[in-house]
file start.txt (compact mmCIF, C-alpha atoms)
# COMPACT_ATOMS: atom_id res chain seq x y z
CA MET A 1 8.93 126.72 81.90
CA MET A 2 8.40 128.56 78.63
CA LYS A 3 10.13 131.88 78.09
CA LYS A 4 9.68 134.46 75.33
CA THR A 5 12.85 135.62 73.61
CA GLU A 6 11.67 139.20 74.26
CA GLU A 7 11.71 138.56 78.03
CA MET A 8 15.40 137.70 77.84
CA ILE A 9 16.71 140.92 76.30
CA GLY A 10 18.29 143.12 78.98
CA LEU A 11 18.00 140.47 81.69
CA PRO A 12 20.88 140.74 84.20
CA ILE A 13 23.40 137.86 84.20
CA ILE A 14 24.46 136.85 87.71
CA SER A 15 27.55 134.80 88.63
CA ILE A 16 26.46 132.77 91.65
CA ALA A 17 30.09 132.06 92.64
CA ASP A 18 30.78 135.79 92.99
CA GLY A 19 27.28 137.02 93.81
CA MET A 20 27.75 139.70 91.16
CA GLU A 21 25.99 140.99 88.09
CA ILE A 22 28.44 140.50 85.25
CA GLY A 23 26.42 141.76 82.30
CA ASN A 24 23.06 141.60 80.56
CA VAL A 25 21.56 139.47 77.83
CA LYS A 26 21.98 141.42 74.58
CA SER A 27 20.44 138.89 72.18
CA LEU A 28 19.91 135.19 71.55
CA ILE A 29 21.40 132.95 68.89
CA VAL A 30 18.91 130.33 67.69
CA ASP A 31 19.97 127.09 66.03
CA THR A 32 17.05 126.44 63.70
CA ASP A 33 18.34 122.98 62.75
CA ASP A 34 18.35 121.79 66.37
CA ARG A 35 15.34 124.03 67.11
CA LYS A 36 16.82 125.58 70.23
CA VAL A 37 18.40 128.69 71.68
CA SER A 38 22.08 127.73 71.60
CA TYR A 39 23.77 130.91 72.84
CA PHE A 40 23.01 134.06 74.77
CA VAL A 41 25.01 137.12 73.69
CA VAL A 42 26.39 139.04 76.65
CA ASP A 43 26.42 142.84 76.92
CA ARG A 44 29.21 143.80 79.29
CA GLY A 45 29.64 147.36 78.06
CA MET A 46 33.09 146.52 76.65
CA HIS A 47 32.85 146.25 72.89
CA LEU A 48 36.59 146.52 72.21
CA LEU A 49 37.39 143.05 73.49
CA GLY A 50 35.04 141.18 71.15
CA ALA A 51 31.54 139.78 71.55
CA LYS A 52 30.93 137.31 74.37
CA VAL A 53 28.45 134.43 74.52
CA ILE A 54 27.14 131.94 77.04
CA PRO A 55 26.28 128.51 75.62
CA SER A 56 22.80 127.43 76.76
CA GLU A 57 24.44 124.53 78.64
CA GLY A 58 26.26 127.11 80.79
CA VAL A 59 23.02 128.63 82.09
CA LEU A 60 21.94 127.46 85.54
CA GLY A 61 18.57 129.16 85.52
CA ILE A 62 16.41 131.91 84.07
CA GLY A 63 14.09 133.73 86.42
CA GLU A 64 11.98 136.86 86.13
CA TYR A 65 14.83 138.91 87.66
CA ALA A 66 17.99 137.35 86.23
CA MET A 67 19.82 134.63 84.35
CA THR A 68 22.27 132.75 86.56
CA ILE A 69 25.56 131.09 85.66
CA GLU A 70 28.11 129.29 87.83
CA ASN A 71 30.88 131.87 87.28
CA GLU A 72 32.53 133.99 84.60
CA ASP A 73 34.14 130.89 83.04
CA ALA A 74 30.73 130.23 81.42
CA ILE A 75 31.27 133.34 79.25
CA LEU A 76 33.20 132.69 76.05
CA THR A 77 34.64 135.00 73.40
CA ILE A 78 32.55 134.37 70.28
CA SER A 79 35.63 134.31 68.03
CA LYS A 80 36.65 131.11 69.87
CA VAL A 81 33.26 129.43 69.33
CA PRO A 82 33.05 128.36 65.65
CA ALA A 83 29.54 126.91 66.09
CA ALA A 84 28.20 130.29 67.26
CA ILE A 85 29.88 132.07 64.35
CA GLN A 86 28.33 129.58 61.88
CA LEU A 87 24.86 130.22 63.33
CA LEU A 88 25.35 133.99 63.04
CA GLU A 89 26.54 133.62 59.44
CA LYS A 90 23.32 131.75 58.57
CA ASN A 91 21.55 134.99 59.55
CA ILE A 92 18.20 133.36 60.31
CA ALA A 93 15.89 135.61 62.29
CA VAL A 94 12.70 133.73 63.16
CA LYS A 95 10.99 136.69 64.82
CA GLY A 96 9.60 139.00 62.14
CA SER A 97 9.57 136.28 59.48
CA LYS A 98 6.54 135.74 57.28
CA MET A 99 4.71 132.43 57.69
CA LEU A 100 3.87 130.38 54.63
CA THR A 101 1.99 127.06 54.48
CA GLU A 102 3.52 124.04 52.78
CA ARG A 103 1.17 124.64 49.82
CA GLY A 104 2.17 128.28 49.43
CA LYS A 105 -0.55 130.21 51.28
CA MET A 106 0.64 133.25 53.24
CA ALA A 107 -0.39 132.68 56.85
CA GLY A 108 0.91 135.59 58.91
CA GLU A 109 4.01 136.94 60.62
CA VAL A 110 5.99 135.55 63.55
CA THR A 111 5.92 137.97 66.48
CA GLU A 112 7.69 135.89 69.16
CA VAL A 113 9.57 132.64 69.79
CA TYR A 114 9.04 130.57 72.95
CA PHE A 115 11.65 128.21 74.38
CA ASP A 116 11.91 126.02 77.46
CA GLU A 117 14.92 126.62 79.69
CA ASN A 118 14.29 123.27 81.43
CA ASP A 119 14.37 121.31 78.17
CA ASP A 120 17.76 122.25 76.71
CA CYS A 121 16.36 125.66 75.61
CA LYS A 122 14.32 123.90 72.89
CA ILE A 123 11.87 125.98 70.87
CA LYS A 124 8.36 125.11 72.06
CA GLY A 125 6.39 127.26 69.66
CA ILE A 126 5.88 130.59 67.96
CA GLU A 127 3.47 133.43 68.43
CA PHE A 128 2.12 134.89 65.20
CA MET A 129 -0.24 137.52 63.86
CA PRO A 130 -2.62 135.91 61.37
CA LEU A 131 -2.53 137.49 57.91
CA GLY A 132 -5.14 140.11 57.19
CA SER A 133 -6.99 139.71 60.44
CA GLN A 134 -7.82 142.00 63.28
CA GLN A 135 -7.47 139.06 65.64
CA SER A 136 -5.01 138.97 68.47
CA VAL A 137 -1.80 136.99 68.17
CA LYS A 138 -1.98 133.20 68.25
CA PHE A 139 0.38 130.50 69.52
CA LEU A 140 1.50 127.60 67.33
CA PRO A 141 3.37 124.63 68.87
CA ASP A 142 6.75 123.93 67.27
CA LYS A 143 5.70 120.51 65.98
CA TYR A 144 3.48 122.25 63.40
CA VAL A 145 6.42 124.20 61.97
CA MET A 146 8.12 122.41 59.09
CA THR A 147 11.04 124.80 58.52
CA TYR A 148 12.60 127.86 60.11
CA GLY A 149 14.11 129.35 56.97
CA LYS A 150 16.28 132.33 56.17
CA GLN A 151 13.34 134.27 54.71
CA LEU A 152 10.22 132.34 55.72
CA VAL A 153 8.81 130.05 58.39
CA ILE A 154 7.03 127.16 56.67
CA VAL A 155 4.09 125.60 58.55
CA TYR A 156 1.86 122.62 57.85
CA ASP A 157 -1.39 123.39 56.00
CA SER A 158 -3.35 122.21 59.05
CA PHE A 159 -1.65 124.81 61.29
CA GLU A 160 -4.83 126.89 61.80
CA SER A 161 -6.63 124.10 63.65
CA MET A 162 -3.60 123.72 65.95
CA ALA A 163 -3.11 127.42 66.77
CA SER A 164 -4.49 128.82 70.00
CA ASP A 165 -5.01 132.26 71.51
call {"tool": "encode", "arguments": {"input": "start.txt", "output": "structure tokens"}}
result
Amino acid sequence: MMKKTEEMIGLPIISIADGMEIGNVKSLIVDTDDRKVSYFVVDRGMHLLGAKVIPSEGVLGIGEYAMTIENEDAILTISKVPAAIQLLEKNIAVKGSKMLTERGKMAGEVTEVYFDENDDCKIKGIEFMPLGSQQSVKFLPDKYVMTYGKQLVIVYDSFESMASD
């Protein structure tokens, strides 16, 4: 099932082994090379002990009420997860990026990223606001995105015929 990244922020994280809420989703770390959400940053209200993350493989499910994990062992200290640190250092924020076609035409701005929790948290597409239009946002499947870059999202020239409302 597709989820918006925006729907994840603030979602309670439940340990099913303890039947307890152990934090909330603070943000998501996207691996643009693998085109997936790789980590969920945990807000536990304790900032002194270092940031905590849950690898996407550690998530049992994501519902409208909560994200579930087996137990607190799924939560890792980010300083002990080099791959998560590398992704953060790349500093690629897809949401809010400008969209450019492969031939250099400005196409719009990314307003949301969709991923599928049942398919390894892979990115399934982006929502975007077309440039200079009063239209509503449109959805573009991931296969029409060439590159998720540090400053721009590059899409195929034919993207407009593939976008839907």
call {"tool": "atom_distance", "arguments": {"input": "start.txt", "atom1": "CA of Asp31 (chain A)", "atom2": "CA of Lys3 (chain A)"}}
result
16.3 Å
call {"tool": "residues_around", "arguments": {"input": "start.txt", "residues": "Ala84 (chain A)", "least_positions_apart": "5", "cutoff": "12 Å", "atoms": "all atoms listed in the file", "output": "list in words"}}
result
Leu28, Ile29, Val30, Asp31, Val37, Ser38, Tyr39, Phe40, Val41, Ala51, Lys52, Val53, Ile54, Pro55, Ser56, Leu76, Thr77, Ile78, Ser79, Glu89, Lys90 and Asn91 of chain A
call {"tool": "atom_distance", "arguments": {"input": "start.txt", "atom1": "CA of Asn71 (chain A)", "atom2": "CA of Glu6 (chain A)"}}
result
24.3 Å
call {"tool": "closest_residue", "arguments": {"input": "start.txt", "among": "A:Asp34, A:Met67, A:Ser27, A:Val94", "to": "Ile13 (chain A)", "atoms": "all atoms listed in the file"}}
result
A:Met67
call {"tool": "closest_residue", "arguments": {"input": "start.txt", "among": "A:Pro12, A:Gly149, A:Gly58, A:Pro141", "to": "Phe115 (chain A)", "atoms": "only C-alpha atoms"}}
result
A:Pro141
call {"tool": "atom_distance", "arguments": {"input": "start.txt", "atom1": "CA of Thr32 (chain A)", "atom2": "CA of Arg103 (chain A)"}}
result
21.2 Å
call {"tool": "closest_residue", "arguments": {"input": "start.txt", "among": "A:Glu72, A:Glu64, A:Glu7, A:Glu160", "to": "Val42 (chain A)", "atoms": "only C-alpha atoms"}}
result
A:Glu72
call {"tool": "residues_near_point", "arguments": {"input": "start.txt", "point": "(4.6, 126.4, 82.5)", "cutoff": "12 Å", "atoms": "only C-alpha atoms", "output": "short mmCIF file (atom, residue, chain, number, x, y, z; two decimals) with C-alpha atoms, in the frame of the given file"}}
result
data_model
loop_
_atom_site.label_atom_id
_atom_site.label_comp_id
_atom_site.auth_asym_id
_atom_site.auth_seq_id
_atom_site.Cartn_x
_atom_site.Cartn_y
_atom_site.Cartn_z
CA MET A 1 8.93 126.72 81.90
CA MET A 2 8.40 128.56 78.63
CA LYS A 3 10.13 131.88 78.09
CA LYS A 4 9.68 134.46 75.33
CA TYR A 114 9.04 130.57 72.95
CA PHE A 115 11.65 128.21 74.38
CA ASP A 116 11.91 126.02 77.46
CA GLU A 117 14.92 126.62 79.69
CA ASN A 118 14.29 123.27 81.43
CA ASP A 119 14.37 121.31 78.17
CA LYS A 124 8.36 125.11 72.06
#
call {"tool": "closest_residue", "arguments": {"input": "start.txt", "among": "A:Ile69, A:Ile123, A:Ile62, A:Ala93", "to": "Lys143 (chain A)", "atoms": "only C-alpha atoms"}}
result
A:Ile123
call {"tool": "closest_residue", "arguments": {"input": "start.txt", "among": "A:Leu11, A:Ile16, A:Val153, A:Val113", "to": "Lys138 (chain A)", "atoms": "all atoms listed in the file"}}
result
A:Val113
call {"tool": "closest_residue", "arguments": {"input": "start.txt", "among": "A:Ala74, A:Val59, A:Leu87, A:Val155", "to": "Cys121 (chain A)", "atoms": "all atoms listed in the file"}}
result
A:Val59
call {"tool": "build_atoms", "arguments": {"input": "start.txt", "residues": "region 66-99 of chain A", "atoms": "N, CA and C atoms", "output": "PDB file, in the frame of the given file"}}
result
ATOM      1  N   ALA A  66      16.636 137.529  86.761  1.00  0.00           N
ATOM      2  CA  ALA A  66      17.990 137.350  86.230  1.00  0.00           C
ATOM      3  C   ALA A  66      18.198 135.979  85.623  1.00  0.00           C
ATOM      4  N   MET A  67      19.287 135.891  84.827  1.00  0.00           N
ATOM      5  CA  MET A  67      19.820 134.630  84.350  1.00  0.00           C
ATOM      6  C   MET A  67      21.021 134.329  85.252  1.00  0.00           C
ATOM      7  N   THR A  68      21.143 133.086  85.706  1.00  0.00           N
ATOM      8  CA  THR A  68      22.270 132.750  86.560  1.00  0.00           C
ATOM      9  C   THR A  68      23.220 131.782  85.862  1.00  0.00           C
ATOM     10  N   ILE A  69      24.513 131.984  86.143  1.00  0.00           N
ATOM     11  CA  ILE A  69      25.560 131.090  85.660  1.00  0.00           C
ATOM     12  C   ILE A  69      26.455 130.764  86.847  1.00  0.00           C
ATOM     13  N   GLU A  70      27.235 129.706  86.723  1.00  0.00           N
ATOM     14  CA  GLU A  70      28.110 129.290  87.830  1.00  0.00           C
ATOM     15  C   GLU A  70      29.127 130.389  88.150  1.00  0.00           C
ATOM     16  N   ASN A  71      29.886 130.803  87.117  1.00  0.00           N
ATOM     17  CA  ASN A  71      30.880 131.870  87.280  1.00  0.00           C
ATOM     18  C   ASN A  71      31.248 132.418  85.903  1.00  0.00           C
ATOM     19  N   GLU A  72      32.191 133.334  85.870  1.00  0.00           N
ATOM     20  CA  GLU A  72      32.530 133.990  84.600  1.00  0.00           C
ATOM     21  C   GLU A  72      33.139 133.055  83.570  1.00  0.00           C
ATOM     22  N   ASP A  73      33.588 131.869  83.992  1.00  0.00           N
ATOM     23  CA  ASP A  73      34.140 130.890  83.040  1.00  0.00           C
ATOM     24  C   ASP A  73      33.089 130.429  82.033  1.00  0.00           C
ATOM     25  N   ALA A  74      31.808 130.619  82.344  1.00  0.00           N
ATOM     26  CA  ALA A  74      30.730 130.230  81.420  1.00  0.00           C
ATOM     27  C   ALA A  74      30.658 131.182  80.227  1.00  0.00           C
ATOM     28  N   ILE A  75      31.304 132.344  80.329  1.00  0.00           N
ATOM     29  CA  ILE A  75      31.270 133.340  79.250  1.00  0.00           C
ATOM     30  C   ILE A  75      32.455 133.123  78.319  1.00  0.00           C
ATOM     31  N   LEU A  76      32.169 132.956  77.052  1.00  0.00           N
ATOM     32  CA  LEU A  76      33.200 132.690  76.050  1.00  0.00           C
ATOM     33  C   LEU A  76      33.279 133.826  75.036  1.00  0.00           C
ATOM     34  N   THR A  77      34.468 134.040  74.491  1.00  0.00           N
ATOM     35  CA  THR A  77      34.640 135.000  73.400  1.00  0.00           C
ATOM     36  C   THR A  77      34.120 134.340  72.131  1.00  0.00           C
ATOM     37  N   ILE A  78      33.217 135.000  71.432  1.00  0.00           N
ATOM     38  CA  ILE A  78      32.550 134.370  70.280  1.00  0.00           C
ATOM     39  C   ILE A  78      33.537 133.954  69.193  1.00  0.00           C
ATOM     40  N   SER A  79      34.645 134.675  69.056  1.00  0.00           N
ATOM     41  CA  SER A  79      35.630 134.310  68.030  1.00  0.00           C
ATOM     42  C   SER A  79      36.252 132.941  68.293  1.00  0.00           C
ATOM     43  N   LYS A  80      36.104 132.427  69.522  1.00  0.00           N
ATOM     44  CA  LYS A  80      36.650 131.110  69.870  1.00  0.00           C
ATOM     45  C   LYS A  80      35.569 130.035  69.863  1.00  0.00           C
ATOM     46  N   VAL A  81      34.383 130.383  69.361  1.00  0.00           N
ATOM     47  CA  VAL A  81      33.260 129.430  69.330  1.00  0.00           C
ATOM     48  C   VAL A  81      32.765 129.325  67.873  1.00  0.00           C
ATOM     49  N   PRO A  82      33.423 128.475  67.067  1.00  0.00           N
ATOM     50  CA  PRO A  82      33.050 128.360  65.650  1.00  0.00           C
ATOM     51  C   PRO A  82      31.567 128.058  65.415  1.00  0.00           C
ATOM     52  N   ALA A  83      30.963 127.258  66.276  1.00  0.00           N
ATOM     53  CA  ALA A  83      29.540 126.910  66.090  1.00  0.00           C
ATOM     54  C   ALA A  83      28.659 128.155  66.197  1.00  0.00           C
ATOM     55  N   ALA A  84      28.976 129.057  67.108  1.00  0.00           N
ATOM     56  CA  ALA A  84      28.200 130.290  67.260  1.00  0.00           C
ATOM     57  C   ALA A  84      28.380 131.191  66.038  1.00  0.00           C
ATOM     58  N   ILE A  85      29.599 131.257  65.541  1.00  0.00           N
ATOM     59  CA  ILE A  85      29.880 132.070  64.350  1.00  0.00           C
ATOM     60  C   ILE A  85      29.098 131.527  63.151  1.00  0.00           C
ATOM     61  N   GLN A  86      29.077 130.199  62.996  1.00  0.00           N
ATOM     62  CA  GLN A  86      28.330 129.580  61.880  1.00  0.00           C
ATOM     63  C   GLN A  86      26.850 129.916  61.962  1.00  0.00           C
ATOM     64  N   LEU A  87      26.284 129.888  63.169  1.00  0.00           N
ATOM     65  CA  LEU A  87      24.860 130.220  63.330  1.00  0.00           C
ATOM     66  C   LEU A  87      24.610 131.682  62.972  1.00  0.00           C
ATOM     67  N   LEU A  88      25.506 132.568  63.379  1.00  0.00           N
ATOM     68  CA  LEU A  88      25.350 133.990  63.040  1.00  0.00           C
ATOM     69  C   LEU A  88      25.458 134.204  61.541  1.00  0.00           C
ATOM     70  N   GLU A  89      26.363 133.480  60.886  1.00  0.00           N
ATOM     71  CA  GLU A  89      26.540 133.620  59.440  1.00  0.00           C
ATOM     72  C   GLU A  89      25.313 133.144  58.664  1.00  0.00           C
ATOM     73  N   LYS A  90      24.557 132.188  59.217  1.00  0.00           N
ATOM     74  CA  LYS A  90      23.320 131.750  58.570  1.00  0.00           C
ATOM     75  C   LYS A  90      22.302 132.887  58.513  1.00  0.00           C
ATOM     76  N   ASN A  91      22.386 133.780  59.502  1.00  0.00           N
ATOM     77  CA  ASN A  91      21.550 134.990  59.550  1.00  0.00           C
ATOM     78  C   ASN A  91      20.057 134.672  59.471  1.00  0.00           C
ATOM     79  N   ILE A  92      19.621 133.720  60.275  1.00  0.00           N
ATOM     80  CA  ILE A  92      18.200 133.360  60.310  1.00  0.00           C
ATOM     81  C   ILE A  92      17.556 134.045  61.509  1.00  0.00           C
ATOM     82  N   ALA A  93      16.642 134.929  61.225  1.00  0.00           N
ATOM     83  CA  ALA A  93      15.890 135.610  62.290  1.00  0.00           C
ATOM     84  C   ALA A  93      14.454 135.119  62.214  1.00  0.00           C
ATOM     85  N   VAL A  94      14.053 134.301  63.174  1.00  0.00           N
ATOM     86  CA  VAL A  94      12.700 133.730  63.160  1.00  0.00           C
ATOM     87  C   VAL A  94      11.664 134.826  63.428  1.00  0.00           C
ATOM     88  N   LYS A  95      11.920 135.614  64.460  1.00  0.00           N
ATOM     89  CA  LYS A  95      10.990 136.690  64.820  1.00  0.00           C
ATOM     90  C   LYS A  95      10.957 137.718  63.696  1.00  0.00           C
ATOM     91  N   GLY A  96       9.746 138.058  63.256  1.00  0.00           N
ATOM     92  CA  GLY A  96       9.600 139.000  62.140  1.00  0.00           C
ATOM     93  C   GLY A  96       9.477 138.327  60.787  1.00  0.00           C
ATOM     94  N   SER A  97       9.686 137.009  60.740  1.00  0.00           N
ATOM     95  CA  SER A  97       9.570 136.280  59.480  1.00  0.00           C
ATOM     96  C   SER A  97       8.103 136.108  59.079  1.00  0.00           C
ATOM     97  N   LYS A  98       7.875 136.055  57.803  1.00  0.00           N
ATOM     98  CA  LYS A  98       6.540 135.740  57.280  1.00  0.00           C
ATOM     99  C   LYS A  98       6.339 134.238  57.391  1.00  0.00           C
ATOM    100  N   MET A  99       5.076 133.835  57.619  1.00  0.00           N
ATOM    101  CA  MET A  99       4.710 132.430  57.690  1.00  0.00           C
ATOM    102  C   MET A  99       4.008 132.017  56.407  1.00  0.00           C
TER     103      MET A  99
END
